[in-house]
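Colleague: Quick one: the structure is below, and I'll ask about it shortly.
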Amino acid sequence: MKKIVYLLVALATMQTAKADEGMWLPYLIGKNYDDMVRKGLVLSSEDLYAANHSSLKDAIVQFNGGCTGEIISNSGLLLTNHHCGYDAIATLSTVEKNYLDNGFWALSKEQELPAVGVSVLFLESMEDVTAQVNKVIAGLNGEALMKALTGLKKEMETKANEGGKFYTTLKEYFNGNQYILIKYKKYNDVRLVGTPPKSLGKYGGDTDNWMWPRHTADFSMFRVYANENNEPADYNKNNKPYRPKNYLAVSAKGVQEGDYAMIFGYPGRTNRYETAAGVDLAIQEVNPSIVAIRDARLAIMRKHMQANKAVYLKLTSTYARIANYWKYFIGQTEQLKRLQVVNQKTKEEEQFIAWSNKNNYNYAKEFENINAATKAYKPYAKFVTYYGEAFRGCLVNKIAYDCYDLYKKMKKADFSKDSSSKLIEQIKKNRASYIKATDLAMEQDWFAMSAEMIQKNLTKDQFMPAMSKIALLKDNNYKAFAEAIYKKSFLLDSAAFEKFCANPSLKQLNEDLATQYVFAMVQSYDSLIKSHVDAYNDIKVPFAKSYLKGLLEMKSNQLMYPDANSTMRITYGAVKSYEPTDGVKYKFYTTLNGLAAKYKAGDDEFDAPQALIDLYKKKDYGNWADADGTLHTCFITNNDITGGNSGSPVLNAKGELIGAAFDGNWEAMSGDIAFDKKYKRTIVCDVRYILFLIDKLGNAQNLIQEMDIQ
């Protein structure tokens, strides 16, 4: 009991020595307050996060499940990244009204466009419920633990949502050493207000992605709408602009080297407490497999997108998402090797084991077990990656996979359609969503390529003995195999699929070439691979929790932050230049001069609107130029962010908006696993560049007037 109490105290009081490293829980940010003030903050801790009155956290939203946004007016105006709004912008675009390529600005609220399917979450409260959870899960492991947690999660979230008033989630921190129950309000009526053309919103394309210097205008603008009581409501033309509890003032004064910089946001996922063996597994097996699969998929998508503008608009959001993390995994692997992270973590583990030996703990044995488990799992890691990225990434495979549970039920003697009606409706809903977002001709080519890659990259003892029954695959005729499936499978014929759903047929599932292939793959995974994955996780999950518990105790005189898990965090640091290699120093900012130097008319990545080039030539920057006379486009800070922070507000010492975070730098792409204090930088779109484009390119002075600009 004494050790448990000690641990909980440690969770609330530990601090790292590096102010720029750390994704801090907002409701505990007071623990960091003195350090933040030393760095330059002039606000109170309650200005940052307060439970009983408005604070900066009330101006921050999770945008559409995977990004961050901020409210920048008292009428619900929202700023996020262009790449976060990309899918909504592409969905609203047609060949005739191509907002993605040409840009869009609503000059009145009546012109704003409903972004169907887009939602935002406003944080209401965070409550530590670790003690309640531990009472239920004490002594449980493996499947019993997962079952208990699933049941408790549902129970606690249902009770806390107050009959649907709130969106609630129970989140795990420190690998299960802490649990927090979080309440949000979810707003579903979100409308597109403005976006620069894609040539600016993605300026530099894949070439500049994850790179500095940068000149990308990575922003888009939306507005949150509510009912007459300012409460969440589905889209209705009579809804009113949301009246926020708080919104961000905008600073047009610019930034200087060393200025305080603070970021609120929803970082998605980090894994900084991974073992050395786990990092080596990523370097050797997982990352190279992801890169190879995505490289092949992107090439096929490009071919079809370049041939047809309508296909381009349909696929471009998916392409951008895949390409982003294709390059990410290339960079992460390169930097993990360059920074010798495996060696660093090995030394840290040795130090931890030495501490544990002095304190009569047996972590040496635990590390022996996890290292042995990782070694045993390594031969199967590539299969798991190809199963998820290549096999599960194909349209027809996803539809067939969704049918597998129905197939198993239908094989039972007591099957009835009525008992599976909910499952059938979900399969129909998923299928409609999959098909709407893709192109069948592209999918056919990708299916052929994925089937070939799976067979060529996996060992025969792992790869589906059942596949030998499929003649076309046996002959390695992948193109013919894909053509046969895409011509004949009832899964891709809407009328035939609806008929099947109305009267499910086991014979039809057994005879369809697509379901034969997919069910054989799933059965092979279940019979040959799943037991190895489960054995690895059965050791890894409790080890991860135990290891974190030990680290928290070893560093009990410090504050430690938990890994990112898509919940609100605060990170603070400074505007800061850096030296990526010997003899090279990068300034902390870029200007429109640099964009003009890269400009190539008609290029896929470095084109720009002629109107912008004309403004540049005339140096017509309005009120948004820096004191040096140039227009600053982007700047960098040493804040600690990751995916999910896209669109996060970068704030000055007064809590005023100075930019929108949108990327990290190549030299520190190991950051999700190992933070590097020397190289880690956050790339930010300068708010003055945003204001300039709204004002001078978009002629949307209505939006300029709506903001509180300092």
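Labeling convention for the structure tokens: chains A, B, ... as they appear, residues from 1 per chain, ligands from 1 in order of appearance.
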Give me the residues within 12 Å of Leu313 (chain A) as JSON, numbers by chain, counting only C-alpha atoms and dropping any in the same chain fewer than 6 places off.
Modeller: {"A": [86, 87, 88, 89, 90, 91, 92, 93, 94, 95, 96, 97, 98, 99, 100, 101, 198, 301, 302, 304, 305, 306, 307, 319, 320, 436, 437, 438, 439]}
Colleague: Ranking A:Asn134, A:Asn271, A:Asn230, A:Asn623 by minimum distance to Asn175 (chain A) and counting only C-alpha atoms, which one comes first?
Modeller: A:Asn271
Colleague: Ranking A:Tyr33, A:Ala217, A:Lys429, A:Leu691 by minimum distance to Met707 (chain A) and counting only C-alpha atoms, which one comes first?
Modeller: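 When distances to Met707 (chain A) are compared using only C-alpha atoms, the smallest one comes from A:Leu691.
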Colleague: From the options A:Val687, A:Asn593, A:Asn510, A:Asp259, which residue's atoms come nearest to Ile704 (chain A), counting only C-alpha atoms?
Modeller: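 Answer, going by the shortest atom-to-atom distance: A:Val687.
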Colleague: Extract the full set of strand (DSSP E) residues from region 178-324 of chain A according to DSSP on the backbone, and format it as a ChimeraX atom specification.
Modeller: /A:178-187,189-195,220-226,240-241,260-265
Colleague: Would you output that residue set with N, CA and C atoms, as a tab-separated table (two decimals), in the first residue's frame?
Modeller:
chain	number	residue	atom	x	y	z
A	178	GLN	N	-2.08	5.37	-14.71
A	178	GLN	CA	-2.99	6.46	-14.40
A	178	GLN	C	-4.14	6.43	-15.39
A	179	TYR	N	-5.35	6.75	-14.90
A	179	TYR	CA	-6.53	6.81	-15.75
A	179	TYR	C	-7.26	8.13	-15.49
A	180	ILE	N	-7.67	8.78	-16.60
A	180	ILE	CA	-8.38	10.05	-16.49
A	180	ILE	C	-9.66	9.97	-17.31
A	181	LEU	N	-10.77	10.38	-16.70
A	181	LEU	CA	-12.06	10.44	-17.37
A	181	LEU	C	-12.25	11.86	-17.91
A	182	ILE	N	-12.47	11.96	-19.22
A	182	ILE	CA	-12.51	13.27	-19.88
A	182	ILE	C	-13.89	13.51	-20.48
A	183	LYS	N	-14.39	14.72	-20.27
A	183	LYS	CA	-15.67	15.15	-20.85
A	183	LYS	C	-15.42	16.22	-21.91
A	184	TYR	N	-16.13	16.08	-23.03
A	184	TYR	CA	-16.09	17.08	-24.09
A	184	TYR	C	-17.52	17.45	-24.48
A	185	LYS	N	-17.66	18.60	-25.12
A	185	LYS	CA	-18.85	18.90	-25.89
A	185	LYS	C	-18.48	18.78	-27.36
A	186	LYS	N	-19.32	18.05	-28.10
A	186	LYS	CA	-19.03	17.76	-29.50
A	186	LYS	C	-19.98	18.54	-30.40
A	187	TYR	N	-19.41	19.39	-31.26
A	187	TYR	CA	-20.19	20.20	-32.19
A	187	TYR	C	-20.03	19.65	-33.60
A	189	ASP	N	-21.93	20.84	-36.43
A	189	ASP	CA	-22.21	21.79	-37.51
A	189	ASP	C	-20.99	22.69	-37.67
A	190	VAL	N	-20.13	22.31	-38.61
A	190	VAL	CA	-18.89	23.05	-38.88
A	190	VAL	C	-18.89	23.42	-40.35
A	191	ARG	N	-18.55	24.68	-40.66
A	191	ARG	CA	-18.66	25.16	-42.04
A	191	ARG	C	-17.33	25.76	-42.51
A	192	LEU	N	-17.02	25.50	-43.78
A	192	LEU	CA	-15.80	26.04	-44.37
A	192	LEU	C	-15.95	27.54	-44.58
A	193	VAL	N	-14.97	28.29	-44.09
A	193	VAL	CA	-14.96	29.75	-44.21
A	193	VAL	C	-13.93	30.20	-45.24
A	194	GLY	N	-12.75	29.61	-45.20
A	194	GLY	CA	-11.72	30.06	-46.13
A	194	GLY	C	-10.56	29.10	-46.23
A	195	THR	N	-9.95	29.07	-47.40
A	195	THR	CA	-8.74	28.28	-47.61
A	195	THR	C	-7.93	28.89	-48.74
A	220	SER	N	-6.30	26.66	-42.87
A	220	SER	CA	-7.66	26.79	-43.41
A	220	SER	C	-8.54	27.28	-42.27
A	221	MET	N	-9.71	27.78	-42.62
A	221	MET	CA	-10.59	28.40	-41.63
A	221	MET	C	-12.00	27.84	-41.73
A	222	PHE	N	-12.57	27.58	-40.57
A	222	PHE	CA	-13.92	27.04	-40.48
A	222	PHE	C	-14.68	27.87	-39.44
A	223	ARG	N	-15.97	27.60	-39.30
A	223	ARG	CA	-16.75	28.21	-38.23
A	223	ARG	C	-17.61	27.15	-37.58
A	224	VAL	N	-17.67	27.21	-36.25
A	224	VAL	CA	-18.50	26.29	-35.48
A	224	VAL	C	-19.87	26.92	-35.28
A	225	TYR	N	-20.91	26.12	-35.53
A	225	TYR	CA	-22.29	26.59	-35.35
A	225	TYR	C	-22.97	25.79	-34.24
A	226	ALA	N	-23.96	26.42	-33.60
A	226	ALA	CA	-24.69	25.82	-32.49
A	226	ALA	C	-26.18	26.17	-32.60
A	240	LYS	N	-26.81	29.11	-35.29
A	240	LYS	CA	-26.10	30.38	-35.14
A	240	LYS	C	-24.61	30.13	-34.90
A	241	PRO	N	-23.75	31.08	-35.23
A	241	PRO	CA	-22.33	30.93	-34.89
A	241	PRO	C	-22.15	30.69	-33.40
A	260	TYR	N	9.39	33.60	-25.92
A	260	TYR	CA	8.60	32.52	-25.33
A	260	TYR	C	7.57	32.02	-26.35
A	261	ALA	N	7.39	30.70	-26.43
A	261	ALA	CA	6.41	30.10	-27.32
A	261	ALA	C	5.74	28.93	-26.61
A	262	MET	N	4.43	28.91	-26.69
A	262	MET	CA	3.64	27.89	-25.98
A	262	MET	C	2.61	27.31	-26.95
A	263	ILE	N	2.39	26.00	-26.86
A	263	ILE	CA	1.46	25.34	-27.77
A	263	ILE	C	0.45	24.51	-26.97
A	264	PHE	N	-0.82	24.72	-27.27
A	264	PHE	CA	-1.88	23.84	-26.80
A	264	PHE	C	-2.26	22.92	-27.96
A	265	GLY	N	-2.62	21.68	-27.68
A	265	GLY	CA	-3.05	20.84	-28.78
A	265	GLY	C	-3.33	19.41	-28.36
Colleague: Excluding Ala282 (chain A) and residues on its chain fewer than 3 positions from it, collect all residues at most 12 Å away from it, counting only C-alpha atoms, and give them as an mmCIF file with C-alpha atoms, in the first residue's frame.
Modeller:
data_model
loop_
_atom_site.group_PDB
_atom_site.id
_atom_site.type_symbol
_atom_site.label_atom_id
_atom_site.label_comp_id
_atom_site.auth_asym_id
_atom_site.auth_seq_id
_atom_site.Cartn_x
_atom_site.Cartn_y
_atom_site.Cartn_z
ATOM 1 C CA ASN A 271 6.220 5.885 -27.660
ATOM 2 C CA GLU A 274 9.857 1.938 -25.792
ATOM 3 C CA THR A 275 12.662 -0.510 -25.090
ATOM 4 C CA ALA A 276 15.891 -0.709 -27.063
ATOM 5 C CA ALA A 277 14.713 -4.030 -28.495
ATOM 6 C CA GLY A 278 11.435 -2.429 -29.576
ATOM 7 C CA VAL A 279 13.251 0.409 -31.338
ATOM 8 C CA GLU A 285 11.386 -4.762 -39.760
ATOM 9 C CA VAL A 286 8.383 -2.498 -39.302
ATOM 10 C CA ASN A 287 9.429 0.858 -40.766
ATOM 11 C CA PRO A 288 11.068 -0.486 -43.969
ATOM 12 C CA SER A 289 7.972 -2.590 -44.652
ATOM 13 C CA ILE A 290 5.627 0.392 -44.238
ATOM 14 C CA VAL A 291 7.775 2.511 -46.559
ATOM 15 C CA PHE A 329 8.843 6.561 -41.557
ATOM 16 C CA ILE A 330 11.778 7.119 -43.909
ATOM 17 C CA GLN A 332 12.248 8.338 -38.454
ATOM 18 C CA THR A 333 14.348 5.317 -39.397
ATOM 19 C CA GLU A 334 17.192 7.508 -40.659
ATOM 20 C CA LEU A 336 16.925 6.681 -35.105
ATOM 21 C CA LYS A 337 20.064 5.284 -36.710
ATOM 22 C CA VAL A 341 18.830 5.621 -30.221
ATOM 23 C CA VAL A 342 19.126 1.863 -29.675
ATOM 24 C CA THR A 374 10.618 -9.256 -28.830
ATOM 25 C CA LYS A 378 10.529 -10.421 -34.772
ATOM 26 C CA ALA A 381 6.509 -8.438 -37.411
ATOM 27 C CA LYS A 382 6.740 -8.132 -41.204
ATOM 28 C CA THR A 385 2.778 -4.994 -41.109
ATOM 29 C CA SER A 670 13.060 10.252 -34.121
ATOM 30 C CA ILE A 673 10.408 7.606 -29.806
#
Colleague: When you count only C-alpha atoms, which of these residues is closest to Arg38 (chain A): A:Leu552, A:Ile709, A:Ala496, A:Ala653?
Modeller: A:Ala653
Colleague: Neighbours of Phe543 (chain A) within 12 Å (only C-alpha atoms; same-chain residues fewer than 3 positions away dropped), as number ranges by chain?
Modeller: A: 141-142, 174-177, 273-275, 362-371, 373-374, 536-540, 546-550
Colleague: Which of these, A:Trp210, A:Tyr434, A:Tyr312, A:Trp355, has the shortest distance to Trp326 (chain A) once you count only C-alpha atoms?
Modeller: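 Among the listed residues, A:Trp210 lies closest to Trp326 (chain A).
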Colleague: Can you work out the spacing between CA of Thr80 (chain A) and CA of Phe219 (chain A) in Å, to one decimal?
Modeller: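 Separation between CA of Thr80 (chain A) and CA of Phe219 (chain A): 5.6 Å.
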Colleague: Tell me, as a PyMOL selection string, which residues lie within 8 Å of Leu491 (chain A), counting only C-alpha atoms; anything in the same chain fewer than 3 positions away does not count.
Modeller: chain A and resi 396+399-400+494+496-497+514
Colleague: Write the selection just made, keeping N, CA and C atoms, as a PDB file, in the first residue's frame?
Modeller:
ATOM      1  N   VAL A 396     -11.592  -4.014 -51.760  1.00  0.00           N
ATOM      2  CA  VAL A 396     -12.368  -5.250 -51.746  1.00  0.00           C
ATOM      3  C   VAL A 396     -12.016  -6.096 -50.527  1.00  0.00           C
ATOM      4  N   ILE A 399     -14.003  -4.762 -47.505  1.00  0.00           N
ATOM      5  CA  ILE A 399     -15.410  -5.172 -47.532  1.00  0.00           C
ATOM      6  C   ILE A 399     -15.543  -6.639 -47.141  1.00  0.00           C
ATOM      7  N   ALA A 400     -14.704  -7.494 -47.724  1.00  0.00           N
ATOM      8  CA  ALA A 400     -14.756  -8.924 -47.412  1.00  0.00           C
ATOM      9  C   ALA A 400     -14.400  -9.189 -45.954  1.00  0.00           C
ATOM     10  N   SER A 494     -23.209  -3.222 -56.523  1.00  0.00           N
ATOM     11  CA  SER A 494     -24.122  -2.705 -55.497  1.00  0.00           C
ATOM     12  C   SER A 494     -25.450  -3.443 -55.471  1.00  0.00           C
ATOM     13  N   ALA A 496     -26.086  -6.558 -56.516  1.00  0.00           N
ATOM     14  CA  ALA A 496     -25.860  -7.919 -56.014  1.00  0.00           C
ATOM     15  C   ALA A 496     -25.567  -7.911 -54.515  1.00  0.00           C
ATOM     16  N   PHE A 497     -24.846  -6.894 -54.059  1.00  0.00           N
ATOM     17  CA  PHE A 497     -24.521  -6.807 -52.631  1.00  0.00           C
ATOM     18  C   PHE A 497     -25.785  -6.548 -51.810  1.00  0.00           C
ATOM     19  N   ALA A 514     -13.215 -13.077 -54.166  1.00  0.00           N
ATOM     20  CA  ALA A 514     -12.688 -12.110 -53.202  1.00  0.00           C
ATOM     21  C   ALA A 514     -12.796 -12.636 -51.773  1.00  0.00           C
TER      22      ALA A 514
END
